[in-house]
$ cat my_file_20.pdb   # PDB, C-alpha atoms
ATOM      1  CA  GLY A  13     -70.431 -41.859  27.916
ATOM      2  CA  GLN A  14     -66.805 -41.013  27.529
ATOM      3  CA  GLN A  15     -64.929 -40.260  30.713
ATOM      4  CA  VAL A  16     -61.554 -38.688  30.980
ATOM      5  CA  MET A  17     -60.186 -38.802  34.496
ATOM      6  CA  GLN A  18     -57.465 -36.540  35.774
ATOM      7  CA  ILE A  19     -55.246 -36.993  38.784
ATOM      8  CA  PRO A  20     -54.538 -35.488  41.152
ATOM      9  CA  GLN A  21     -57.564 -33.298  41.731
ATOM     10  CA  TYR A  22     -55.508 -30.810  43.727
ATOM     11  CA  GLN A  23     -51.778 -30.206  44.019
ATOM     12  CA  HIS A  24     -49.907 -27.776  46.224
ATOM     13  CA  VAL A  25     -46.248 -27.255  45.407
ATOM     14  CA  GLN A  26     -43.508 -24.983  46.643
ATOM     15  CA  GLU A  27     -42.337 -22.506  44.036
ATOM     16  CA  GLY A  28     -39.509 -24.093  42.106
ATOM     17  CA  GLU A  29     -40.767 -27.654  42.500
ATOM     18  CA  ASP A  30     -41.995 -29.688  39.574
ATOM     19  CA  PHE A  31     -45.631 -30.569  38.915
ATOM     20  CA  THR A  32     -47.316 -33.289  36.870
ATOM     21  CA  THR A  33     -50.958 -33.930  36.076
ATOM     22  CA  TYR A  34     -52.191 -37.116  34.437
ATOM     23  CA  CYS A  35     -55.129 -37.706  32.184
ATOM     24  CA  ASN A  36     -56.461 -41.259  31.834
ATOM     25  CA  SER A  37     -59.113 -42.885  29.706
ATOM     26  CA  SER A  38     -60.430 -46.443  29.549
ATOM     27  CA  THR A  39     -60.756 -46.131  25.786
ATOM     28  CA  THR A  40     -58.384 -45.014  23.069
ATOM     29  CA  LEU A  41     -58.367 -41.268  22.686
ATOM     30  CA  SER A  42     -58.639 -39.606  19.304
ATOM     31  CA  ASN A  43     -56.433 -36.761  20.464
ATOM     32  CA  ILE A  44     -55.745 -34.742  23.588
ATOM     33  CA  GLN A  45     -55.914 -31.025  24.081
ATOM     34  CA  TRP A  46     -54.710 -29.247  27.185
ATOM     35  CA  TYR A  47     -56.175 -26.069  28.608
ATOM     36  CA  LYS A  48     -55.290 -23.831  31.542
ATOM     37  CA  GLN A  49     -57.870 -21.881  33.499
ATOM     38  CA  ARG A  50     -56.689 -19.217  35.902
ATOM     39  CA  PRO A  51     -58.828 -18.560  38.987
ATOM     40  CA  GLY A  52     -61.827 -16.523  37.886
ATOM     41  CA  GLY A  53     -60.824 -16.869  34.257
ATOM     42  CA  HIS A  54     -61.707 -18.982  31.281
ATOM     43  CA  PRO A  55     -59.916 -21.972  29.740
ATOM     44  CA  VAL A  56     -57.016 -21.092  27.479
ATOM     45  CA  PHE A  57     -55.803 -23.561  24.869
ATOM     46  CA  LEU A  58     -52.255 -24.772  25.454
ATOM     47  CA  ILE A  59     -51.589 -27.581  23.007
ATOM     48  CA  GLN A  60     -52.946 -30.552  21.074
ATOM     49  CA  LEU A  61     -51.418 -34.025  20.848
ATOM     50  CA  VAL A  62     -52.507 -36.417  18.154
ATOM     51  CA  LYS A  63     -49.902 -39.115  17.586
ATOM     52  CA  SER A  64     -49.124 -42.095  19.779
ATOM     53  CA  GLY A  65     -46.113 -41.360  21.992
ATOM     54  CA  GLU A  66     -46.042 -37.713  20.959
ATOM     55  CA  VAL A  67     -44.076 -35.293  23.141
ATOM     56  CA  LYS A  68     -44.296 -31.541  22.841
ATOM     57  CA  LYS A  69     -42.622 -28.809  24.842
ATOM     58  CA  GLN A  70     -43.516 -25.222  25.571
ATOM     59  CA  LYS A  71     -40.782 -23.611  27.658
ATOM     60  CA  ARG A  72     -41.139 -25.256  31.094
ATOM     61  CA  LEU A  73     -44.180 -27.328  30.052
ATOM     62  CA  THR A  74     -43.831 -30.835  28.623
ATOM     63  CA  PHE A  75     -46.840 -32.656  27.197
ATOM     64  CA  GLN A  76     -46.904 -36.384  26.466
ATOM     65  CA  PHE A  77     -49.370 -38.693  24.785
ATOM     66  CA  GLY A  78     -49.173 -42.333  25.794
ATOM     67  CA  GLU A  79     -48.129 -45.032  23.375
ATOM     68  CA  ALA A  80     -51.560 -46.645  23.614
ATOM     69  CA  LYS A  81     -53.269 -43.238  23.350
ATOM     70  CA  LYS A  82     -55.139 -43.889  26.575
ATOM     71  CA  ASN A  83     -53.315 -41.400  28.743
ATOM     72  CA  SER A  84     -51.540 -38.108  28.638
ATOM     73  CA  SER A  85     -49.506 -36.004  31.011
ATOM     74  CA  LEU A  86     -48.522 -32.405  31.509
ATOM     75  CA  HIS A  87     -45.298 -31.740  33.399
ATOM     76  CA  ILE A  88     -44.206 -28.313  34.582
ATOM     77  CA  THR A  89     -40.565 -27.878  35.565
ATOM     78  CA  ALA A  90     -39.641 -25.409  38.304
ATOM     79  CA  THR A  91     -43.112 -24.023  38.921
ATOM     80  CA  GLN A  92     -43.695 -20.312  39.245
ATOM     81  CA  THR A  93     -46.573 -18.436  40.858
ATOM     82  CA  THR A  94     -47.852 -17.612  37.369
ATOM     83  CA  ASP A  95     -48.510 -21.341  36.859
ATOM     84  CA  VAL A  96     -51.389 -21.239  39.347
ATOM     85  CA  GLY A  97     -54.671 -22.436  37.897
ATOM     86  CA  THR A  98     -56.619 -25.495  36.879
ATOM     87  CA  TYR A  99     -55.260 -27.637  34.077
ATOM     88  CA  PHE A 100     -57.739 -29.557  31.977
ATOM     89  CA  CYS A 101     -57.195 -32.201  29.392
ATOM     90  CA  ALA A 102     -59.890 -32.628  26.754
ATOM     91  CA  GLU A 103     -60.656 -35.047  23.981
ATOM     92  CA  ASN A 104     -62.159 -33.855  20.734
ATOM     93  CA  THR A 105     -63.888 -36.894  19.248
ATOM     94  CA  GLY A 106     -65.102 -34.964  16.216
ATOM     95  CA  ASN A 107     -68.632 -35.199  17.612
ATOM     96  CA  GLN A 108     -68.141 -34.090  21.161
ATOM     97  CA  PHE A 109     -65.703 -32.442  23.444
ATOM     98  CA  TYR A 110     -64.960 -34.291  26.687
ATOM     99  CA  PHE A 111     -63.099 -32.397  29.360
ATOM    100  CA  GLY A 112     -61.193 -34.077  32.127
ATOM    101  CA  THR A 113     -62.002 -33.333  35.728
ATOM    102  CA  GLY A 114     -59.091 -30.927  36.020
ATOM    103  CA  THR A 115     -56.137 -30.547  38.357
ATOM    104  CA  SER A 116     -56.021 -27.419  40.472
ATOM    105  CA  LEU A 117     -52.447 -26.254  41.019
ATOM    106  CA  THR A 118     -51.463 -23.989  43.895
ATOM    107  CA  VAL A 119     -47.925 -22.653  43.980
ATOM    108  CA  ILE A 120     -46.659 -21.522  47.350
ATOM    109  CA  PRO A 121     -44.102 -18.693  47.091
TER
ATOM    110  CA  LYS B  25     -57.586  -9.403  16.881
ATOM    111  CA  ALA B  26     -60.717  -9.331  19.033
ATOM    112  CA  GLY B  27     -61.371 -12.383  21.165
ATOM    113  CA  VAL B  28     -64.582 -14.235  21.850
ATOM    114  CA  THR B  29     -67.166 -11.920  23.374
ATOM    115  CA  GLN B  30     -69.909 -13.153  25.653
ATOM    116  CA  THR B  31     -72.739 -11.055  26.986
ATOM    117  CA  PRO B  32     -73.921 -10.487  29.569
ATOM    118  CA  ARG B  33     -71.131 -11.270  32.041
ATOM    119  CA  TYR B  34     -73.485 -11.797  34.952
ATOM    120  CA  LEU B  35     -77.147 -12.644  35.156
ATOM    121  CA  ILE B  36     -79.576 -13.363  37.966
ATOM    122  CA  LYS B  37     -82.842 -15.061  37.085
ATOM    123  CA  THR B  38     -85.732 -16.617  38.957
ATOM    124  CA  ARG B  39     -86.744 -20.258  38.716
ATOM    125  CA  GLY B  40     -89.124 -20.832  35.841
ATOM    126  CA  GLN B  41     -87.863 -17.931  33.780
ATOM    127  CA  GLN B  42     -85.980 -18.270  30.545
ATOM    128  CA  VAL B  43     -82.649 -16.738  29.583
ATOM    129  CA  THR B  44     -80.727 -15.993  26.409
ATOM    130  CA  LEU B  45     -76.954 -15.724  26.324
ATOM    131  CA  SER B  46     -74.958 -14.332  23.444
ATOM    132  CA  CYS B  47     -71.584 -15.190  21.977
ATOM    133  CA  SER B  48     -69.623 -13.429  19.239
ATOM    134  CA  PRO B  49     -66.808 -15.607  17.905
ATOM    135  CA  ILE B  50     -63.429 -14.592  16.592
ATOM    136  CA  SER B  51     -63.696 -13.280  13.066
ATOM    137  CA  GLY B  52     -63.295 -16.125  10.587
ATOM    138  CA  HIS B  53     -64.295 -18.853  13.044
ATOM    139  CA  ARG B  54     -67.405 -20.678  11.888
ATOM    140  CA  SER B  55     -67.755 -23.026  14.832
ATOM    141  CA  VAL B  56     -69.205 -21.975  18.145
ATOM    142  CA  SER B  57     -69.583 -24.441  20.968
ATOM    143  CA  TRP B  58     -71.136 -23.981  24.377
ATOM    144  CA  TYR B  59     -70.167 -25.396  27.740
ATOM    145  CA  GLN B  60     -71.544 -25.416  31.245
ATOM    146  CA  GLN B  61     -69.062 -25.231  34.092
ATOM    147  CA  THR B  62     -70.034 -26.040  37.662
ATOM    148  CA  PRO B  63     -67.918 -27.008  40.680
ATOM    149  CA  GLY B  64     -69.640 -30.376  40.877
ATOM    150  CA  GLN B  65     -69.815 -31.440  37.238
ATOM    151  CA  GLY B  66     -66.834 -29.611  35.794
ATOM    152  CA  LEU B  67     -66.830 -28.547  32.165
ATOM    153  CA  GLN B  68     -69.593 -30.135  30.164
ATOM    154  CA  PHE B  69     -70.221 -29.827  26.438
ATOM    155  CA  LEU B  70     -73.643 -28.494  25.516
ATOM    156  CA  PHE B  71     -73.635 -28.221  21.737
ATOM    157  CA  GLU B  72     -71.729 -27.028  18.726
ATOM    158  CA  TYR B  73     -72.931 -24.880  15.850
ATOM    159  CA  PHE B  74     -71.217 -24.645  12.518
ATOM    160  CA  SER B  75     -72.476 -22.510   9.648
ATOM    161  CA  GLU B  76     -75.838 -21.973  11.336
ATOM    162  CA  THR B  77     -76.434 -25.707  11.888
ATOM    163  CA  GLN B  78     -76.266 -27.611  15.132
ATOM    164  CA  ARG B  79     -73.749 -30.329  14.409
ATOM    165  CA  ASN B  80     -73.281 -31.924  17.771
ATOM    166  CA  LYS B  81     -75.089 -32.035  21.073
ATOM    167  CA  GLY B  82     -74.134 -33.059  24.574
ATOM    168  CA  ASN B  83     -76.309 -34.759  27.146
ATOM    169  CA  PHE B  84     -78.495 -31.897  28.266
ATOM    170  CA  PRO B  85     -82.298 -31.678  28.360
ATOM    171  CA  GLY B  86     -84.284 -29.981  25.628
ATOM    172  CA  ARG B  87     -84.623 -26.877  27.799
ATOM    173  CA  PHE B  88     -81.158 -25.991  26.540
ATOM    174  CA  SER B  89     -81.168 -24.823  22.965
ATOM    175  CA  GLY B  90     -79.196 -22.568  20.728
ATOM    176  CA  ARG B  91     -78.839 -21.088  17.331
ATOM    177  CA  GLN B  92     -76.233 -19.508  15.129
ATOM    178  CA  PHE B  93     -76.678 -16.598  12.792
ATOM    179  CA  SER B  94     -75.182 -16.017   9.368
ATOM    180  CA  ASN B  95     -72.433 -13.849  10.888
ATOM    181  CA  SER B  96     -71.482 -16.817  13.142
ATOM    182  CA  ARG B  97     -72.750 -15.124  16.279
ATOM    183  CA  SER B  98     -74.522 -17.606  18.494
ATOM    184  CA  GLU B  99     -77.159 -17.505  21.179
ATOM    185  CA  MET B 100     -77.964 -20.064  23.815
ATOM    186  CA  ASN B 101     -81.369 -20.253  25.425
ATOM    187  CA  VAL B 102     -82.393 -21.992  28.602
ATOM    188  CA  SER B 103     -86.098 -22.224  29.291
ATOM    189  CA  THR B 104     -87.888 -22.991  32.548
ATOM    190  CA  LEU B 105     -84.802 -22.313  34.636
ATOM    191  CA  GLU B 106     -83.981 -24.575  37.564
ATOM    192  CA  LEU B 107     -81.723 -23.870  40.522
ATOM    193  CA  GLY B 108     -79.291 -26.438  39.172
ATOM    194  CA  ASP B 109     -78.798 -24.372  36.037
ATOM    195  CA  SER B 110     -76.709 -21.903  38.035
ATOM    196  CA  ALA B 111     -73.302 -22.102  36.411
ATOM    197  CA  LEU B 112     -70.683 -20.392  34.333
ATOM    198  CA  TYR B 113     -71.655 -20.728  30.683
ATOM    199  CA  LEU B 114     -68.725 -20.569  28.321
ATOM    200  CA  CYS B 115     -68.695 -20.381  24.603
ATOM    201  CA  ALA B 116     -65.706 -21.164  22.454
ATOM    202  CA  SER B 117     -64.985 -20.493  18.828
ATOM    203  CA  GLY B 118     -62.786 -22.351  16.440
ATOM    204  CA  PHE B 119     -62.562 -23.899  13.042
ATOM    205  CA  GLY B 120     -64.772 -26.815  14.033
ATOM    206  CA  LEU B 121     -64.724 -30.044  15.985
ATOM    207  CA  THR B 122     -63.178 -31.722  12.981
ATOM    208  CA  GLY B 123     -60.689 -28.918  12.534
ATOM    209  CA  GLY B 124     -58.211 -30.351  14.969
ATOM    210  CA  ASP B 125     -57.282 -27.010  16.443
ATOM    211  CA  GLY B 126     -57.814 -25.695  19.912
ATOM    212  CA  TYR B 127     -60.750 -23.559  20.795
ATOM    213  CA  THR B 128     -60.699 -19.982  22.043
ATOM    214  CA  PHE B 129     -62.974 -19.411  24.973
ATOM    215  CA  GLY B 130     -64.879 -16.315  25.965
ATOM    216  CA  SER B 131     -64.921 -15.008  29.516
ATOM    217  CA  GLY B 132     -68.282 -16.609  30.149
ATOM    218  CA  THR B 133     -71.667 -15.627  31.498
ATOM    219  CA  ARG B 134     -72.216 -16.405  35.151
ATOM    220  CA  LEU B 135     -75.859 -17.320  35.599
ATOM    221  CA  THR B 136     -77.416 -17.459  39.029
ATOM    222  CA  VAL B 137     -80.896 -18.897  39.380
ATOM    223  CA  VAL B 138     -82.707 -17.991  42.582
TER
END
$ encode --input "my_file_20.pdb" --output "structure tokens"
Amino acid sequence: GQQVMQIPQYQHVQEGEDFTTYCNSSTTLSNIQWYKQRPGGHPVFLIQLVKSGEVKKQKRLTFQFGEAKKNSSLHITATQTTDVGTYFCAENTGNQFYFGTGTSLTVIP
Amino acid sequence: KAGVTQTPRYLIKTRGQQVTLSCSPISGHRSVSWYQQTPGQGLQFLFEYFSETQRNKGNFPGRFSGRQFSNSRSEMNVSTLELGDSALYLCASGFGLTGGDGYTFGSGTRLTVV
């Protein structure tokens, strides 16, 4: 079945440093959604990317969809302790929802 | 507006028993999908219901089933529980897998099978 791999699995950063998580697929993705799950919480929808090469920004977060629609990235500038959590990418194929393996971000104050 | 409500929050069951979990979606959302989250397997799609019909199904055995009522509330049932069924079960509501929008998740039901 479909597999969406995310790297890295874990990332520890000092507060103020930047952070990037990558989502990769061996097949062309229909779209990419990004979710954030705080420790002990539930996934919260962040954004959806649909078009090849699309870039969207939300304050310190920048989301990109690759030109070939086989990868996506989420970049956080100047991390804060409130950014702690696991970031998931997910593909909605119209028939199924495939979540990536997630990247767990720890921000050290 | 009210979010997605899942009940119960926690559940402990014995192997072989069956369990029913409930999910009330956001008002106006007709799609409810269910997910299993475990440390080993991550977030896995179970199935999606839309207007009382199961539209899509993930790769889970037939012991996992669900239904949706006319008010869009959904229930998920797991029969003959196994230890490996211990997980956080999340439901999410939205406008549908073909809707193109993100899903809103509930807080989940943490099931422990002993």
$ interface_residues --input "my_file_20.pdb" --of "chain B" --to "chain A" --cutoff "9 Å" --atoms "all atoms listed in the file" --output "MDAnalysis selection string"
chainID B and resid 65:72 79:82 114 120:132
$ resolve_selection --input "my_file_20.pdb" --expression "the PyMOL selection byres ((chain B and resi 104-109) around 10)" --output "list of chain:residue names"
B:Lys37, B:Thr38, B:Arg39, B:Gly40, B:Gln41, B:Gln42, B:Val43, B:Gln60, B:Gln61, B:Thr62, B:Arg87, B:Phe88, B:Val102, B:Ser103, B:Ser110, B:Ala111, B:Leu112, B:Tyr113, B:Leu135, B:Thr136, B:Val137, B:Val138
$ closest_residue --input "my_file_20.pdb" --among "B:Ser117, B:Gly27, B:Tyr73, B:Pro32" --to "Thr44 of chain B" --atoms "all atoms listed in the file"
B:Pro32
$ atom_distance --input "my_file_20.pdb" --atom1 "atom CA of Cys115 of chain B" --atom2 "atom CA of Val56 of chain B"
6.7 Å
$ atom_distance --input "my_file_20.pdb" --atom1 "atom CA of Ala116 of chain B" --atom2 "atom CA of Leu35 of chain B"
19.1 Å
$ atom_distance --input "my_file_20.pdb" --atom1 "atom CA of Ser57 of chain B" --atom2 "atom CA of Lys82 of chain A"
24.9 Å
$ closest_residue --input "my_file_20.pdb" --among "A:Val67, A:Cys35, A:Ala80, A:Ile120" --to "Gln92 of chain A" --atoms "only C-alpha atoms"
A:Ile120
$ residues_around --input "my_file_20.pdb" --residues "Ser96 of chain B" --least-positions-apart "3" --cutoff "10 Å" --atoms "all atoms listed in the file" --output "short mmCIF file (atom, residue, chain, number, x, y, z; two decimals) with C-alpha atoms, in the frame of the given file"
data_model
loop_
_atom_site.label_atom_id
_atom_site.label_comp_id
_atom_site.auth_asym_id
_atom_site.auth_seq_id
_atom_site.Cartn_x
_atom_site.Cartn_y
_atom_site.Cartn_z
CA CYS B 47 -71.58 -15.19 21.98
CA SER B 48 -69.62 -13.43 19.24
CA PRO B 49 -66.81 -15.61 17.90
CA ILE B 50 -63.43 -14.59 16.59
CA SER B 51 -63.70 -13.28 13.07
CA GLY B 52 -63.30 -16.12 10.59
CA HIS B 53 -64.30 -18.85 13.04
CA ARG B 54 -67.40 -20.68 11.89
CA SER B 55 -67.76 -23.03 14.83
CA VAL B 56 -69.20 -21.98 18.14
CA TYR B 73 -72.93 -24.88 15.85
CA PHE B 74 -71.22 -24.64 12.52
CA SER B 75 -72.48 -22.51 9.65
CA GLU B 76 -75.84 -21.97 11.34
CA ARG B 91 -78.84 -21.09 17.33
CA GLN B 92 -76.23 -19.51 15.13
CA PHE B 93 -76.68 -16.60 12.79
CA GLU B 99 -77.16 -17.50 21.18
CA SER B 117 -64.98 -20.49 18.83
#
$ closest_residue --input "my_file_20.pdb" --among "A:Thr94, A:Gln15, A:Gln76, A:Ser116" --to "Thr40 of chain A" --atoms "all atoms listed in the file"
A:Gln15
$ resolve_selection --input "my_file_20.pdb" --expression "the PyMOL selection byres ((chain A and resi 38) around 9)" --output "ChimeraX atom specification"
/A:14-16,36-37,39-41,82-83
$ resolve_selection --input "my_file_20.pdb" --expression "the PyMOL selection byres ((chain A and resi 74) around 9)" --output "PyMOL selection string"
chain A and resi 67-73+75-76+85-89
$ residues_near_point --input "my_file_20.pdb" --point "(-58.1, -22.1, 39.1)" --cutoff "6 Å" --atoms "all atoms listed in the file" --output "ChimeraX atom specification"
/A:49-51,97-98,116
$ residues_near_point --input "my_file_20.pdb" --point "(-48.6, -26.8, 44.4)" --cutoff "7 Å" --atoms "all atoms listed in the file" --output "PyMOL selection string"
chain A and resi 23-26+117-120
$ axis_aligned_box --input "my_file_20.pdb" --around "segment 60-73 of chain A" --padding-each-side "3 Å" --output "JSON"
{"center_x": -46.9, "center_y": -32.9, "center_z": 24.3, "size_x": 18.2, "size_y": 24.5, "size_z": 19.5}
$ closest_residue --input "my_file_20.pdb" --among "A:Thr91, A:Val96, A:Pro121, A:Lys63" --to "Gly28 of chain A" --atoms "all atoms listed in the file"
A:Thr91
$ closest_residue --input "my_file_20.pdb" --among "A:Gln18, A:Ser42, A:Ser64, A:Thr93" --to "Gly78 of chain A" --atoms "only C-alpha atoms"
A:Ser64
$ decode --input "my_file_20.pdb" --residues "segment 103-120 of chain A" --atoms "N, CA, C and O atoms" --output "mmCIF file, in the first residue's frame"
data_model
loop_
_atom_site.group_PDB
_atom_site.id
_atom_site.type_symbol
_atom_site.label_atom_id
_atom_site.label_comp_id
_atom_site.auth_asym_id
_atom_site.auth_seq_id
_atom_site.Cartn_x
_atom_site.Cartn_y
_atom_site.Cartn_z
ATOM 1 N N GLU A 103 -1.650 12.115 3.217
ATOM 2 C CA GLU A 103 -2.184 12.213 1.871
ATOM 3 C C GLU A 103 -3.632 11.738 1.873
ATOM 4 O O GLU A 103 -3.939 10.668 2.412
ATOM 5 N N ASN A 104 -4.483 12.539 1.315
ATOM 6 C CA ASN A 104 -5.881 12.174 1.127
ATOM 7 C C ASN A 104 -6.044 11.762 -0.329
ATOM 8 O O ASN A 104 -6.013 12.601 -1.222
ATOM 9 N N THR A 105 -6.171 10.449 -0.574
ATOM 10 C CA THR A 105 -6.266 9.976 -1.948
ATOM 11 C C THR A 105 -7.687 10.057 -2.489
ATOM 12 O O THR A 105 -7.928 9.764 -3.645
ATOM 13 N N GLY A 106 -8.629 10.404 -1.625
ATOM 14 C CA GLY A 106 -10.037 10.394 -2.014
ATOM 15 C C GLY A 106 -10.685 9.085 -1.586
ATOM 16 O O GLY A 106 -11.907 9.005 -1.457
ATOM 17 N N ASN A 107 -9.858 8.058 -1.396
ATOM 18 C CA ASN A 107 -10.352 6.765 -0.923
ATOM 19 C C ASN A 107 -9.796 6.402 0.445
ATOM 20 O O ASN A 107 -10.376 5.627 1.182
ATOM 21 N N GLN A 108 -8.628 6.936 0.713
ATOM 22 C CA GLN A 108 -7.974 6.614 1.975
ATOM 23 C C GLN A 108 -7.171 7.815 2.442
ATOM 24 O O GLN A 108 -6.904 8.741 1.685
ATOM 25 N N PHE A 109 -6.828 7.723 3.711
ATOM 26 C CA PHE A 109 -6.002 8.744 4.308
ATOM 27 C C PHE A 109 -4.726 8.073 4.771
ATOM 28 O O PHE A 109 -4.760 7.184 5.608
ATOM 29 N N TYR A 110 -3.587 8.472 4.227
ATOM 30 C CA TYR A 110 -2.309 7.875 4.624
ATOM 31 C C TYR A 110 -1.502 8.901 5.395
ATOM 32 O O TYR A 110 -1.137 9.950 4.853
ATOM 33 N N PHE A 111 -1.214 8.577 6.645
ATOM 34 C CA PHE A 111 -0.403 9.466 7.457
ATOM 35 C C PHE A 111 1.067 9.080 7.368
ATOM 36 O O PHE A 111 1.410 7.902 7.296
ATOM 37 N N GLY A 112 1.911 10.073 7.376
ATOM 38 C CA GLY A 112 3.336 9.828 7.477
ATOM 39 C C GLY A 112 3.685 9.337 8.865
ATOM 40 O O GLY A 112 2.844 9.326 9.769
ATOM 41 N N THR A 113 4.922 8.952 9.025
ATOM 42 C CA THR A 113 5.381 8.372 10.283
ATOM 43 C C THR A 113 5.568 9.413 11.380
ATOM 44 O O THR A 113 5.701 9.074 12.537
ATOM 45 N N GLY A 114 5.588 10.672 11.007
ATOM 46 C CA GLY A 114 5.664 11.737 11.997
ATOM 47 C C GLY A 114 7.084 12.115 12.379
ATOM 48 O O GLY A 114 7.998 11.296 12.339
ATOM 49 N N THR A 115 7.259 13.379 12.717
ATOM 50 C CA THR A 115 8.515 13.874 13.278
ATOM 51 C C THR A 115 8.208 14.497 14.626
ATOM 52 O O THR A 115 7.384 15.417 14.715
ATOM 53 N N SER A 116 8.858 13.971 15.654
ATOM 54 C CA SER A 116 8.654 14.484 17.003
ATOM 55 C C SER A 116 9.665 15.594 17.273
ATOM 56 O O SER A 116 10.866 15.364 17.222
ATOM 57 N N LEU A 117 9.159 16.782 17.538
ATOM 58 C CA LEU A 117 10.018 17.942 17.786
ATOM 59 C C LEU A 117 10.072 18.269 19.272
ATOM 60 O O LEU A 117 9.035 18.427 19.924
ATOM 61 N N THR A 118 11.299 18.360 19.779
ATOM 62 C CA THR A 118 11.527 18.821 21.151
ATOM 63 C C THR A 118 12.268 20.144 21.077
ATOM 64 O O THR A 118 13.260 20.252 20.343
ATOM 65 N N VAL A 119 11.795 21.126 21.785
ATOM 66 C CA VAL A 119 12.439 22.434 21.805
ATOM 67 C C VAL A 119 13.011 22.664 23.193
ATOM 68 O O VAL A 119 12.274 22.660 24.185
ATOM 69 N N ILE A 120 14.310 22.852 23.233
ATOM 70 C CA ILE A 120 14.998 23.035 24.513
ATOM 71 C C ILE A 120 15.082 24.525 24.838
ATOM 72 O O ILE A 120 15.635 25.286 24.048
#
